[in-house]
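Shown below: input_37.txt, with compact mmCIF, C-alpha atoms.
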# COMPACT_ATOMS: atom_id res chain seq x y z
CA MET A 53 -14.47 -10.42 -7.99
CA SER A 54 -17.15 -8.55 -9.89
CA ASP A 55 -19.63 -9.75 -7.28
CA LEU A 56 -18.09 -7.78 -4.44
CA ALA A 57 -20.40 -5.18 -2.90
CA GLU A 58 -20.07 -1.96 -4.91
CA PRO A 59 -18.40 0.30 -2.30
CA LEU A 60 -15.86 -2.42 -1.56
CA ALA A 61 -15.09 -3.05 -5.25
CA ARG A 62 -14.78 0.72 -5.73
CA LEU A 63 -12.31 1.12 -2.85
CA ILE A 64 -10.20 -1.78 -4.16
CA GLN A 65 -10.15 -0.04 -7.55
CA GLU A 66 -9.11 3.27 -5.95
CA PHE A 67 -6.31 1.59 -3.98
CA ARG A 68 -5.08 -0.12 -7.15
CA ARG A 69 -4.48 3.28 -8.74
CA LEU A 70 -1.82 3.98 -6.09
CA PRO A 71 1.82 3.21 -6.90
CA GLY A 72 3.07 -0.20 -5.78
CA ILE A 73 -0.39 -1.47 -4.81
CA GLY A 74 -1.47 -4.58 -6.73
CA GLN A 75 -4.79 -6.44 -6.66
CA LYS A 76 -3.97 -8.50 -3.55
CA SER A 77 -2.69 -5.54 -1.53
CA ALA A 78 -5.69 -3.46 -2.59
CA GLN A 79 -8.04 -6.19 -1.37
CA ARG A 80 -6.22 -6.55 1.92
CA LEU A 81 -6.28 -2.80 2.45
CA ALA A 82 -9.97 -2.51 1.58
CA PHE A 83 -11.00 -5.32 3.94
CA HIS A 84 -8.82 -3.73 6.62
CA ILE A 85 -10.66 -0.42 6.19
CA LEU A 86 -13.96 -2.28 6.36
CA ARG A 87 -13.03 -3.70 9.75
CA ALA A 88 -11.34 -0.57 11.13
CA LYS A 89 -12.99 1.84 13.57
CA ARG A 90 -15.11 4.60 12.02
CA GLU A 91 -12.91 7.29 13.63
CA ASP A 92 -9.68 5.81 12.24
CA VAL A 93 -11.17 5.63 8.76
CA GLU A 94 -12.39 9.22 9.03
CA ARG A 95 -8.90 10.37 10.00
CA LEU A 96 -7.36 8.64 6.98
CA SER A 97 -10.00 10.06 4.66
CA GLN A 98 -9.38 13.57 6.01
CA ALA A 99 -5.58 13.25 5.93
CA VAL A 100 -5.76 12.37 2.24
CA LEU A 101 -7.77 15.52 1.49
CA ASP A 102 -5.66 17.75 3.72
CA VAL A 103 -2.47 16.88 1.87
CA LYS A 104 -4.15 18.19 -1.24
CA ASP A 105 -5.77 21.25 0.32
CA LYS A 106 -3.40 22.54 2.99
CA LEU A 107 -0.02 22.38 1.26
CA SER A 108 1.80 24.65 -1.14
CA LEU A 109 5.41 25.29 -2.16
CA CYS A 110 7.91 27.14 0.01
CA VAL A 111 8.58 30.57 -1.57
CA GLU A 112 12.25 30.21 -0.69
CA CYS A 113 13.20 26.66 -1.73
CA ASN A 114 10.09 25.16 -3.44
CA ASN A 115 9.80 22.34 -0.92
CA ILE A 116 6.32 21.26 0.23
CA ALA A 117 5.16 23.66 2.93
CA ASP A 118 2.13 24.26 5.12
CA ALA A 119 3.04 27.94 5.41
CA GLU A 120 4.88 30.52 3.27
CA LEU A 121 8.19 28.94 4.30
CA CYS A 122 8.84 25.21 4.69
CA ASN A 123 10.03 23.74 7.99
CA TYR A 124 13.67 23.75 6.88
CA CYS A 125 13.66 27.37 5.75
CA ARG A 126 11.86 28.39 8.98
CA ASP A 127 14.45 26.59 11.12
CA GLU A 128 16.94 29.26 12.23
CA SER A 129 19.34 26.61 13.48
CA ARG A 130 20.00 25.34 9.95
CA ASP A 131 23.07 26.70 8.15
CA PRO A 132 22.03 29.16 5.39
CA LYS A 133 25.55 29.02 3.90
CA LEU A 134 24.97 25.49 2.62
CA ILE A 135 22.27 24.54 0.07
CA CYS A 136 21.52 20.99 -1.06
CA VAL A 137 19.77 20.91 -4.46
CA VAL A 138 17.41 17.97 -5.13
CA GLU A 139 15.05 17.11 -7.97
CA GLU A 140 11.87 16.41 -6.00
CA PRO A 141 10.59 17.01 -2.44
CA PRO A 142 10.78 13.29 -1.44
CA ASN A 143 14.53 13.38 -2.25
CA ILE A 144 15.02 15.45 0.89
CA LEU A 145 14.13 12.45 3.09
CA PRO A 146 17.20 10.28 2.37
CA VAL A 147 19.47 13.29 2.92
CA GLU A 148 17.77 14.03 6.25
CA MET A 149 18.07 10.39 7.28
CA THR A 150 21.86 10.72 7.34
CA ARG A 151 21.56 13.34 10.13
CA GLN A 152 24.81 14.71 8.68
CA PHE A 153 23.37 17.61 6.71
CA HIS A 154 22.33 20.75 8.57
CA GLY A 155 22.02 23.23 5.72
CA ARG A 156 19.03 24.30 3.64
CA TYR A 157 17.46 22.73 0.56
CA HIS A 158 16.42 23.76 -2.93
CA VAL A 159 13.89 21.70 -4.88
CA LEU A 160 14.02 21.92 -8.69
CA HIS A 161 10.79 19.98 -9.32
CA GLY A 162 12.30 17.99 -12.16
CA ALA A 163 15.49 17.39 -14.08
CA ILE A 164 16.67 18.38 -17.54
CA SER A 165 15.43 15.80 -20.04
CA PRO A 166 15.61 16.62 -23.76
CA LEU A 167 13.76 13.34 -24.48
CA ARG A 168 10.76 14.48 -22.45
CA GLY A 169 11.13 18.04 -23.64
CA ILE A 170 12.12 19.36 -20.21
CA GLY A 171 14.69 22.16 -20.41
CA PRO A 172 16.27 24.26 -17.64
CA GLU A 173 13.56 26.90 -18.06
CA GLN A 174 10.97 24.41 -16.73
CA LEU A 175 12.93 23.83 -13.52
CA ARG A 176 12.66 26.10 -10.51
CA ILE A 177 16.11 27.60 -10.81
CA LYS A 178 15.23 31.30 -10.74
CA ASN A 179 14.76 31.56 -6.97
CA LEU A 180 17.96 29.55 -6.43
CA LEU A 181 19.83 32.33 -8.24
CA THR A 182 18.01 34.92 -6.13
CA ARG A 183 19.11 33.11 -2.98
CA LEU A 184 22.73 33.05 -4.13
CA GLN A 185 22.75 36.72 -5.11
CA ARG A 186 21.08 37.82 -1.90
CA GLY A 187 22.52 35.53 0.72
CA PRO A 188 25.61 34.22 2.39
CA VAL A 189 25.67 30.90 0.44
CA GLU A 190 29.14 29.35 0.33
CA GLU A 191 28.45 25.89 -1.09
CA VAL A 192 25.79 24.31 -3.28
CA ILE A 193 25.68 20.49 -3.10
CA LEU A 194 24.08 19.04 -6.23
CA ALA A 195 22.12 15.99 -5.06
CA THR A 196 20.18 15.36 -8.25
CA ASN A 197 19.75 11.66 -9.08
CA PRO A 198 22.65 9.60 -10.50
CA THR A 199 20.79 9.27 -13.83
CA VAL A 200 21.35 10.78 -17.27
CA GLU A 201 18.82 13.50 -16.44
CA GLY A 202 20.21 14.15 -12.96
CA GLU A 203 23.75 14.32 -14.32
CA ALA A 204 22.75 16.70 -17.13
CA THR A 205 21.03 18.91 -14.56
CA ALA A 206 24.08 18.88 -12.29
CA VAL A 207 26.40 19.82 -15.15
CA TYR A 208 24.07 22.63 -16.24
CA LEU A 209 23.76 24.03 -12.71
CA SER A 210 27.47 23.81 -12.04
CA ARG A 211 28.20 25.92 -15.15
CA LEU A 212 25.49 28.38 -14.14
CA LEU A 213 26.50 28.73 -10.49
CA LYS A 214 30.31 28.61 -10.48
CA PRO A 215 30.66 32.07 -12.11
CA LEU A 216 28.74 33.46 -9.09
CA GLY A 217 31.73 32.60 -6.92
CA VAL A 218 30.05 29.79 -4.99
CA ARG A 219 31.56 26.36 -4.35
CA VAL A 220 29.59 23.73 -6.31
CA THR A 221 29.89 20.04 -5.34
CA ARG A 222 28.26 16.82 -6.51
CA ILE A 223 27.31 13.84 -4.31
CA ALA A 224 29.52 10.77 -4.86
CA MET A 225 28.48 7.79 -6.96
CA GLY A 226 29.96 4.37 -6.19
CA ILE A 227 29.39 0.92 -4.72
CA PRO A 228 26.67 0.96 -2.03
CA VAL A 229 27.96 0.28 1.48
CA GLY A 230 27.38 -3.35 2.50
CA SER A 231 27.10 -4.46 -1.12
CA ASP A 232 29.53 -6.63 -3.06
CA LEU A 233 31.66 -5.71 -6.10
CA ASP A 234 30.11 -8.73 -7.86
CA PHE A 235 26.74 -6.98 -7.91
CA ALA A 236 28.01 -3.66 -9.26
CA ASP A 237 27.07 -2.75 -12.83
CA GLU A 238 29.86 -1.40 -15.03
CA VAL A 239 28.76 2.23 -14.90
CA THR A 240 28.64 2.23 -11.10
CA MET A 241 32.00 0.44 -10.95
CA THR A 242 33.49 3.02 -13.33
CA LYS A 243 32.16 5.87 -11.15
CA SER A 244 33.51 4.10 -8.09
CA LEU A 245 36.98 3.96 -9.65
CA GLU A 246 36.82 7.56 -10.84
CA ASN A 247 35.74 8.78 -7.39
CA ARG A 248 38.49 6.86 -5.57
CA ARG A 249 40.16 8.59 -2.65
CA GLU A 250 43.66 8.63 -1.21
CA LEU A 251 43.90 6.57 1.99
CA MET B 1105 11.50 13.33 8.69
CA SER B 1106 10.08 15.34 11.55
CA ASP B 1107 10.50 18.43 9.42
CA LEU B 1108 7.95 17.38 6.83
CA ALA B 1109 4.96 19.69 6.51
CA GLU B 1110 2.34 18.61 9.08
CA PRO B 1111 -0.42 17.35 6.72
CA LEU B 1112 2.14 15.29 4.81
CA ALA B 1113 3.67 13.81 7.99
CA ARG B 1114 0.13 13.04 9.21
CA LEU B 1115 -0.85 11.25 5.99
CA ILE B 1116 2.35 9.18 6.08
CA GLN B 1117 1.48 8.23 9.65
CA GLU B 1118 -2.07 7.23 8.64
CA PHE B 1119 -0.80 5.12 5.74
CA ARG B 1120 1.67 3.39 8.06
CA ARG B 1121 -1.24 2.12 10.18
CA LEU B 1122 -2.44 0.06 7.20
CA PRO B 1123 -1.36 -3.58 6.93
CA GLY B 1124 1.75 -4.22 4.84
CA ILE B 1125 2.60 -0.52 4.46
CA GLY B 1126 6.03 0.41 5.84
CA GLN B 1127 7.69 3.80 6.14
CA LYS B 1128 8.98 3.89 2.56
CA SER B 1129 5.68 2.82 0.99
CA ALA B 1130 3.78 5.29 3.15
CA GLN B 1131 6.06 8.10 1.96
CA ARG B 1132 5.70 7.10 -1.67
CA LEU B 1133 1.91 6.94 -1.34
CA ALA B 1134 1.71 10.29 0.44
CA PHE B 1135 3.81 12.07 -2.19
CA HIS B 1136 1.72 10.40 -4.88
CA ILE B 1137 -1.46 11.78 -3.29
CA LEU B 1138 0.18 15.19 -3.08
CA ARG B 1139 0.79 15.18 -6.83
CA ALA B 1140 -2.51 13.56 -7.83
CA LYS B 1141 -5.50 15.47 -9.22
CA ARG B 1142 -7.89 16.92 -6.63
CA GLU B 1143 -10.80 14.89 -8.07
CA ASP B 1144 -8.90 11.59 -7.85
CA VAL B 1145 -7.95 12.28 -4.25
CA GLU B 1146 -11.56 13.18 -3.41
CA ARG B 1147 -12.75 9.90 -4.92
CA LEU B 1148 -10.28 7.90 -2.80
CA SER B 1149 -11.21 9.81 0.34
CA GLN B 1150 -14.92 9.18 -0.31
CA ALA B 1151 -14.45 5.50 -1.21
CA VAL B 1152 -12.71 4.94 2.12
CA LEU B 1153 -15.66 6.42 4.01
CA ASP B 1154 -18.29 4.66 1.88
CA VAL B 1155 -16.86 1.23 2.67
CA LYS B 1156 -17.47 2.05 6.32
CA ASP B 1157 -20.87 3.68 5.89
CA LYS B 1158 -22.66 1.87 3.09
CA LEU B 1159 -21.98 -1.78 3.84
CA SER B 1160 -23.58 -4.30 6.16
CA LEU B 1161 -23.83 -8.09 6.37
CA CYS B 1162 -26.03 -10.18 4.09
CA VAL B 1163 -28.97 -11.53 6.14
CA GLU B 1164 -28.69 -14.85 4.32
CA CYS B 1165 -24.95 -15.67 4.32
CA ASN B 1166 -23.23 -12.91 6.41
CA ASN B 1167 -21.07 -11.78 3.49
CA ILE B 1168 -20.41 -8.05 3.04
CA ALA B 1169 -23.41 -6.52 1.28
CA ASP B 1170 -24.61 -3.14 0.07
CA ALA B 1171 -28.23 -4.31 0.35
CA GLU B 1172 -30.19 -6.82 2.45
CA LEU B 1173 -28.75 -9.65 0.34
CA CYS B 1174 -25.18 -9.84 -0.98
CA ASN B 1175 -24.47 -10.10 -4.69
CA TYR B 1176 -24.06 -13.88 -4.55
CA CYS B 1177 -27.33 -14.46 -2.71
CA ARG B 1178 -29.11 -12.08 -5.10
CA ASP B 1179 -27.72 -13.92 -8.14
CA GLU B 1180 -30.48 -16.34 -9.25
CA SER B 1181 -28.08 -18.12 -11.59
CA ARG B 1182 -26.04 -19.46 -8.68
CA ASP B 1183 -26.81 -22.95 -7.44
CA PRO B 1184 -28.63 -22.83 -4.05
CA LYS B 1185 -28.01 -26.56 -3.53
CA LEU B 1186 -24.31 -25.95 -2.94
CA ILE B 1187 -22.92 -23.85 -0.05
CA CYS B 1188 -19.26 -23.05 0.47
CA VAL B 1189 -18.47 -22.13 4.10
CA VAL B 1190 -15.57 -19.73 4.70
CA GLU B 1191 -14.17 -18.01 7.78
CA GLU B 1192 -14.07 -14.41 6.56
CA PRO B 1193 -15.51 -12.40 3.64
CA PRO B 1194 -12.11 -12.02 1.86
CA ASN B 1195 -11.85 -15.85 1.74
CA ILE B 1196 -14.57 -15.79 -0.94
CA LEU B 1197 -12.19 -14.15 -3.43
CA PRO B 1198 -9.77 -17.07 -3.95
CA VAL B 1199 -12.73 -19.43 -4.41
CA GLU B 1200 -14.28 -17.10 -7.00
CA MET B 1201 -10.95 -16.81 -8.79
CA THR B 1202 -11.12 -20.49 -9.71
CA ARG B 1203 -14.31 -19.82 -11.75
CA GLN B 1204 -15.20 -23.41 -10.87
CA PHE B 1205 -17.64 -22.74 -8.05
CA HIS B 1206 -21.14 -21.60 -8.90
CA GLY B 1207 -22.93 -22.20 -5.61
CA ARG B 1208 -23.63 -19.86 -2.69
CA TYR B 1209 -21.47 -18.92 0.30
CA HIS B 1210 -21.73 -18.79 4.05
CA VAL B 1211 -19.38 -16.61 6.10
CA LEU B 1212 -18.75 -17.64 9.72
CA HIS B 1213 -16.83 -14.46 10.70
CA GLY B 1214 -14.22 -16.40 12.60
CA ALA B 1215 -13.07 -19.89 13.52
CA ILE B 1216 -13.21 -21.89 16.71
CA SER B 1217 -10.16 -21.06 18.85
CA PRO B 1218 -10.12 -22.16 22.49
CA LEU B 1219 -6.85 -20.26 22.93
CA ARG B 1220 -8.52 -16.98 22.01
CA GLY B 1221 -11.72 -17.93 23.78
CA ILE B 1222 -13.74 -18.23 20.56
CA GLY B 1223 -16.31 -21.00 20.72
CA PRO B 1224 -18.91 -22.09 18.13
CA GLU B 1225 -21.51 -19.81 19.74
CA GLN B 1226 -19.50 -16.77 18.61
CA LEU B 1227 -19.56 -17.87 14.97
CA ARG B 1228 -22.46 -17.14 12.65
CA ILE B 1229 -23.72 -20.70 12.40
CA LYS B 1230 -27.38 -20.17 13.32
CA ASN B 1231 -28.48 -18.84 9.93
CA LEU B 1232 -26.53 -21.64 8.19
CA LEU B 1233 -28.76 -24.14 10.03
CA THR B 1234 -31.83 -22.13 9.02
CA ARG B 1235 -30.72 -22.28 5.39
CA LEU B 1236 -30.26 -26.06 5.57
CA GLN B 1237 -33.62 -26.63 7.27
CA ARG B 1238 -35.48 -24.38 4.86
CA GLY B 1239 -33.78 -24.95 1.55
CA PRO B 1240 -32.72 -27.44 -1.06
CA VAL B 1241 -29.08 -27.65 0.08
CA GLU B 1242 -27.39 -30.90 -0.99
CA GLU B 1243 -23.73 -30.23 -0.20
CA VAL B 1244 -21.81 -28.01 2.19
CA ILE B 1245 -18.15 -27.50 1.28
CA LEU B 1246 -16.08 -26.54 4.33
CA ALA B 1247 -13.45 -24.09 3.06
CA THR B 1248 -12.20 -22.87 6.43
CA ASN B 1249 -8.44 -22.33 6.54
CA PRO B 1250 -5.99 -25.26 6.77
CA THR B 1251 -4.99 -24.20 10.29
CA VAL B 1252 -5.67 -25.68 13.72
CA GLU B 1253 -8.61 -23.28 14.14
CA GLY B 1254 -9.97 -23.90 10.64
CA GLU B 1255 -9.70 -27.67 11.09
CA ALA B 1256 -11.42 -27.55 14.49
CA THR B 1257 -14.21 -25.50 12.95
CA ALA B 1258 -14.57 -27.93 10.03
CA VAL B 1259 -14.75 -30.93 12.36
CA TYR B 1260 -17.34 -29.17 14.56
CA LEU B 1261 -19.49 -28.19 11.58
CA SER B 1262 -19.28 -31.61 9.98
CA ARG B 1263 -20.60 -33.23 13.19
CA LEU B 1264 -23.34 -30.62 13.41
CA LEU B 1265 -24.47 -30.79 9.78
CA LYS B 1266 -24.20 -34.45 8.80
CA PRO B 1267 -27.17 -35.50 10.97
CA LEU B 1268 -29.29 -33.09 8.90
CA GLY B 1269 -28.81 -35.40 5.93
CA VAL B 1270 -26.60 -33.06 3.91
CA ARG B 1271 -23.32 -34.04 2.23
CA VAL B 1272 -20.41 -32.35 4.02
CA THR B 1273 -17.03 -32.05 2.27
CA ARG B 1274 -13.69 -30.44 3.10
CA ILE B 1275 -11.33 -28.75 0.63
CA ALA B 1276 -8.14 -30.73 -0.03
CA MET B 1277 -4.80 -29.93 1.57
CA GLY B 1278 -1.60 -30.86 -0.22
CA ILE B 1279 1.41 -29.67 -2.18
CA PRO B 1280 0.66 -26.40 -4.04
CA VAL B 1281 0.59 -26.77 -7.83
CA GLY B 1282 3.87 -25.62 -9.40
CA SER B 1283 5.77 -26.11 -6.14
CA ASP B 1284 8.39 -28.71 -5.34
CA LEU B 1285 8.28 -31.55 -2.81
CA ASP B 1286 11.54 -30.19 -1.37
CA PHE B 1287 9.68 -27.10 -0.14
CA ALA B 1288 6.81 -28.98 1.52
CA ASP B 1289 6.68 -28.98 5.32
CA GLU B 1290 5.97 -32.31 6.99
CA VAL B 1291 2.37 -31.56 7.89
CA THR B 1292 1.51 -30.56 4.31
CA MET B 1293 3.35 -33.59 2.96
CA THR B 1294 1.43 -35.84 5.37
CA LYS B 1295 -1.89 -34.31 4.23
CA SER B 1296 -0.80 -34.73 0.65
CA LEU B 1297 -0.18 -38.46 1.21
CA GLU B 1298 -3.44 -38.90 3.13
CA ASN B 1299 -5.41 -37.18 0.37
CA ARG B 1300 -3.84 -39.24 -2.42
CA ARG B 1301 -6.09 -40.34 -5.26
CA GLU B 1302 -6.30 -43.39 -7.50
CA LEU B 1303 -4.99 -42.65 -10.99
Turn the structure described in the file into structure tokens.
Amino acid sequence: MSDLAEPLARLIQEFRRLPGIGQKSAQRLAFHILRAKREDVERLSQAVLDVKDKLSLCVECNNIADAELCNYCRDESRDPKLICVVEEPPNILPVEMTRQFHGRYHVLHGAISPLRGIGPEQLRIKNLLTRLQRGPVEEVILATNPTVEGEATAVYLSRLLKPLGVRVTRIAMGIPVGSDLDFADEVTMTKSLENRREL
Amino acid sequence: MSDLAEPLARLIQEFRRLPGIGQKSAQRLAFHILRAKREDVERLSQAVLDVKDKLSLCVECNNIADAELCNYCRDESRDPKLICVVEEPPNILPVEMTRQFHGRYHVLHGAISPLRGIGPEQLRIKNLLTRLQRGPVEEVILATNPTVEGEATAVYLSRLLKPLGVRVTRIAMGIPVGSDLDFADEVTMTKSLENRREL
């Protein structure tokens, strides 16, 4: 391994630093790059830099944006009366994939975690309050993760927002569709029972 | 998805072109890059380009090299009497991982495949013959893949090289260590029986 040509060994090492990429994947990727067309490689190299250089946070919702407002906040067709609150920008993707949500988003950039010393003051909550005070928001859907931190954040936000006269909801936790009760852990099963609905 | 900021969507698209990277992995990688330090991202971007720009083929063995000779051919401590022939440069890695081989390599850059119109004249065999005629080579180990193409190539090379008075060997095919006979396909099991050894 140590006898690989230096640029190749270096690229394998750089790929290995990425999440979910082990030694074998890093090697496969590096040899792929080696064989790829110069123009394709240049495009990848540039795309990597551009993500770092051309993006900032949306002034409205803190999502990743290539302008002052992100694509969701710019989109006039999206319902401004409905805001879905998520922890991180990638959390928007699974919500979008449902094609069922046509409101706006708000990205906290974290969750309350006393263990890691993260309190509400480190989350981007201030401009959420501004949006509620200023706008026509009717419902805030709390889509923080179903973890201790996500739950704590949801509870905190619900106490903070309800007095402003807005409806505050939480996404449901339960057995995943297509799964089997046998595979459910006890906490999920408990949530699934608690969240049961009249048929 | 389509509402992601353009540089982010573009990077996800570029990552998806890489082998073994699906939509989810590409997203995770792109968001990782977004959060990474500028200097780390620059290093990755540069390493990708360098692999394309700073490497060529070793004049001796056709392996990837950052100089006229590759690291193995430059290494005086490696036995020049022993040459291991492989199809592609990445095939050297599993051989090196054994730490049992201390000879040199020869990379063919392909295998004979009538179906794909690849004949022996398209493989880099000429400088292997030069090495045999010039040097002190005693054994050539054929480590082409255990596929129809790799076998055809091994048979072709063995007929070509044996008349030159060199020992020609082929790596063994059989049941993988730690596996179970139940999982062996019939061709592998047949090879395993054919290659049996006296105990």
Could you produce a table of the residues of chain A lying within 6 Å of chain B, with the nearest pair of atoms per residue and their separation in Å rounded to one decimal, using all atoms listed in the file, ordered by chain and increasing residue number, as JSON lines?
{"residue": "A:Asp55", "atom": "CA", "partner": "B:Asn1175", "partner_atom": "CA", "distance": 5.5}
{"residue": "A:Ala57", "atom": "CA", "partner": "B:Ala1169", "partner_atom": "CA", "distance": 5.3}
{"residue": "A:Pro59", "atom": "CA", "partner": "B:Val1155", "partner_atom": "CA", "distance": 5.3}
{"residue": "A:Leu60", "atom": "CA", "partner": "B:Val1155", "partner_atom": "CA", "distance": 5.7}
{"residue": "A:Leu63", "atom": "CA", "partner": "B:Ala1151", "partner_atom": "CA", "distance": 5.1}
{"residue": "A:Glu66", "atom": "CA", "partner": "B:Leu1148", "partner_atom": "CA", "distance": 5.7}
{"residue": "A:Leu86", "atom": "CA", "partner": "B:Lys1156", "partner_atom": "CA", "distance": 5.6}
{"residue": "A:Leu96", "atom": "CA", "partner": "B:Glu1118", "partner_atom": "CA", "distance": 5.7}
{"residue": "A:Ser97", "atom": "CA", "partner": "B:Ser1149", "partner_atom": "CA", "distance": 4.5}
{"residue": "A:Ala99", "atom": "CA", "partner": "B:Leu1115", "partner_atom": "CA", "distance": 5.1}
{"residue": "A:Val103", "atom": "CA", "partner": "B:Pro1111", "partner_atom": "CA", "distance": 5.3}
{"residue": "A:Lys104", "atom": "CA", "partner": "B:Leu1138", "partner_atom": "CA", "distance": 5.6}
{"residue": "A:Ala117", "atom": "CA", "partner": "B:Ala1109", "partner_atom": "CA", "distance": 5.3}
{"residue": "A:Asp118", "atom": "CA", "partner": "B:Ala1109", "partner_atom": "CA", "distance": 5.6}
{"residue": "A:Asn123", "atom": "CA", "partner": "B:Asp1107", "partner_atom": "CA", "distance": 5.5}
Point out the residue among A:Cys136, A:Cys125, A:Leu180, A:Val189 with the least atom-to-atom distance to Thr221 of chain A, counting only C-alpha atoms.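 Under the stated criterion, the closest residue is A:Cys136.
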Using Å and a single decimal, report how far atom CA of Val220 of chain A sits from atom CA of Thr199 of chain A.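 Interatomic distance, atom CA of Thr199 of chain A to atom CA of Val220 of chain A: 18.5 Å.
Pairwise distance (atom CA of Gly155 of chain A, atom CA of Leu194 of chain A) equals 12.8 Å.
When atom CA of Glu1191 of chain B is paired with atom CA of Ala1215 of chain B, their separation reads 6.1 Å.
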Enclose the full set of atoms of segment 245-251 of chain A listed in the file within a box whose edges lie along x, y and z, apply 4 Å of padding to each of the six sides, and report centre and edge lengths in Å to one decimal as lines of an AutoDock Vina configuration file.
center_x = 39.8
center_y = 6.4
center_z = -4.4
size_x = 16.2
size_y = 12.8
size_z = 20.8
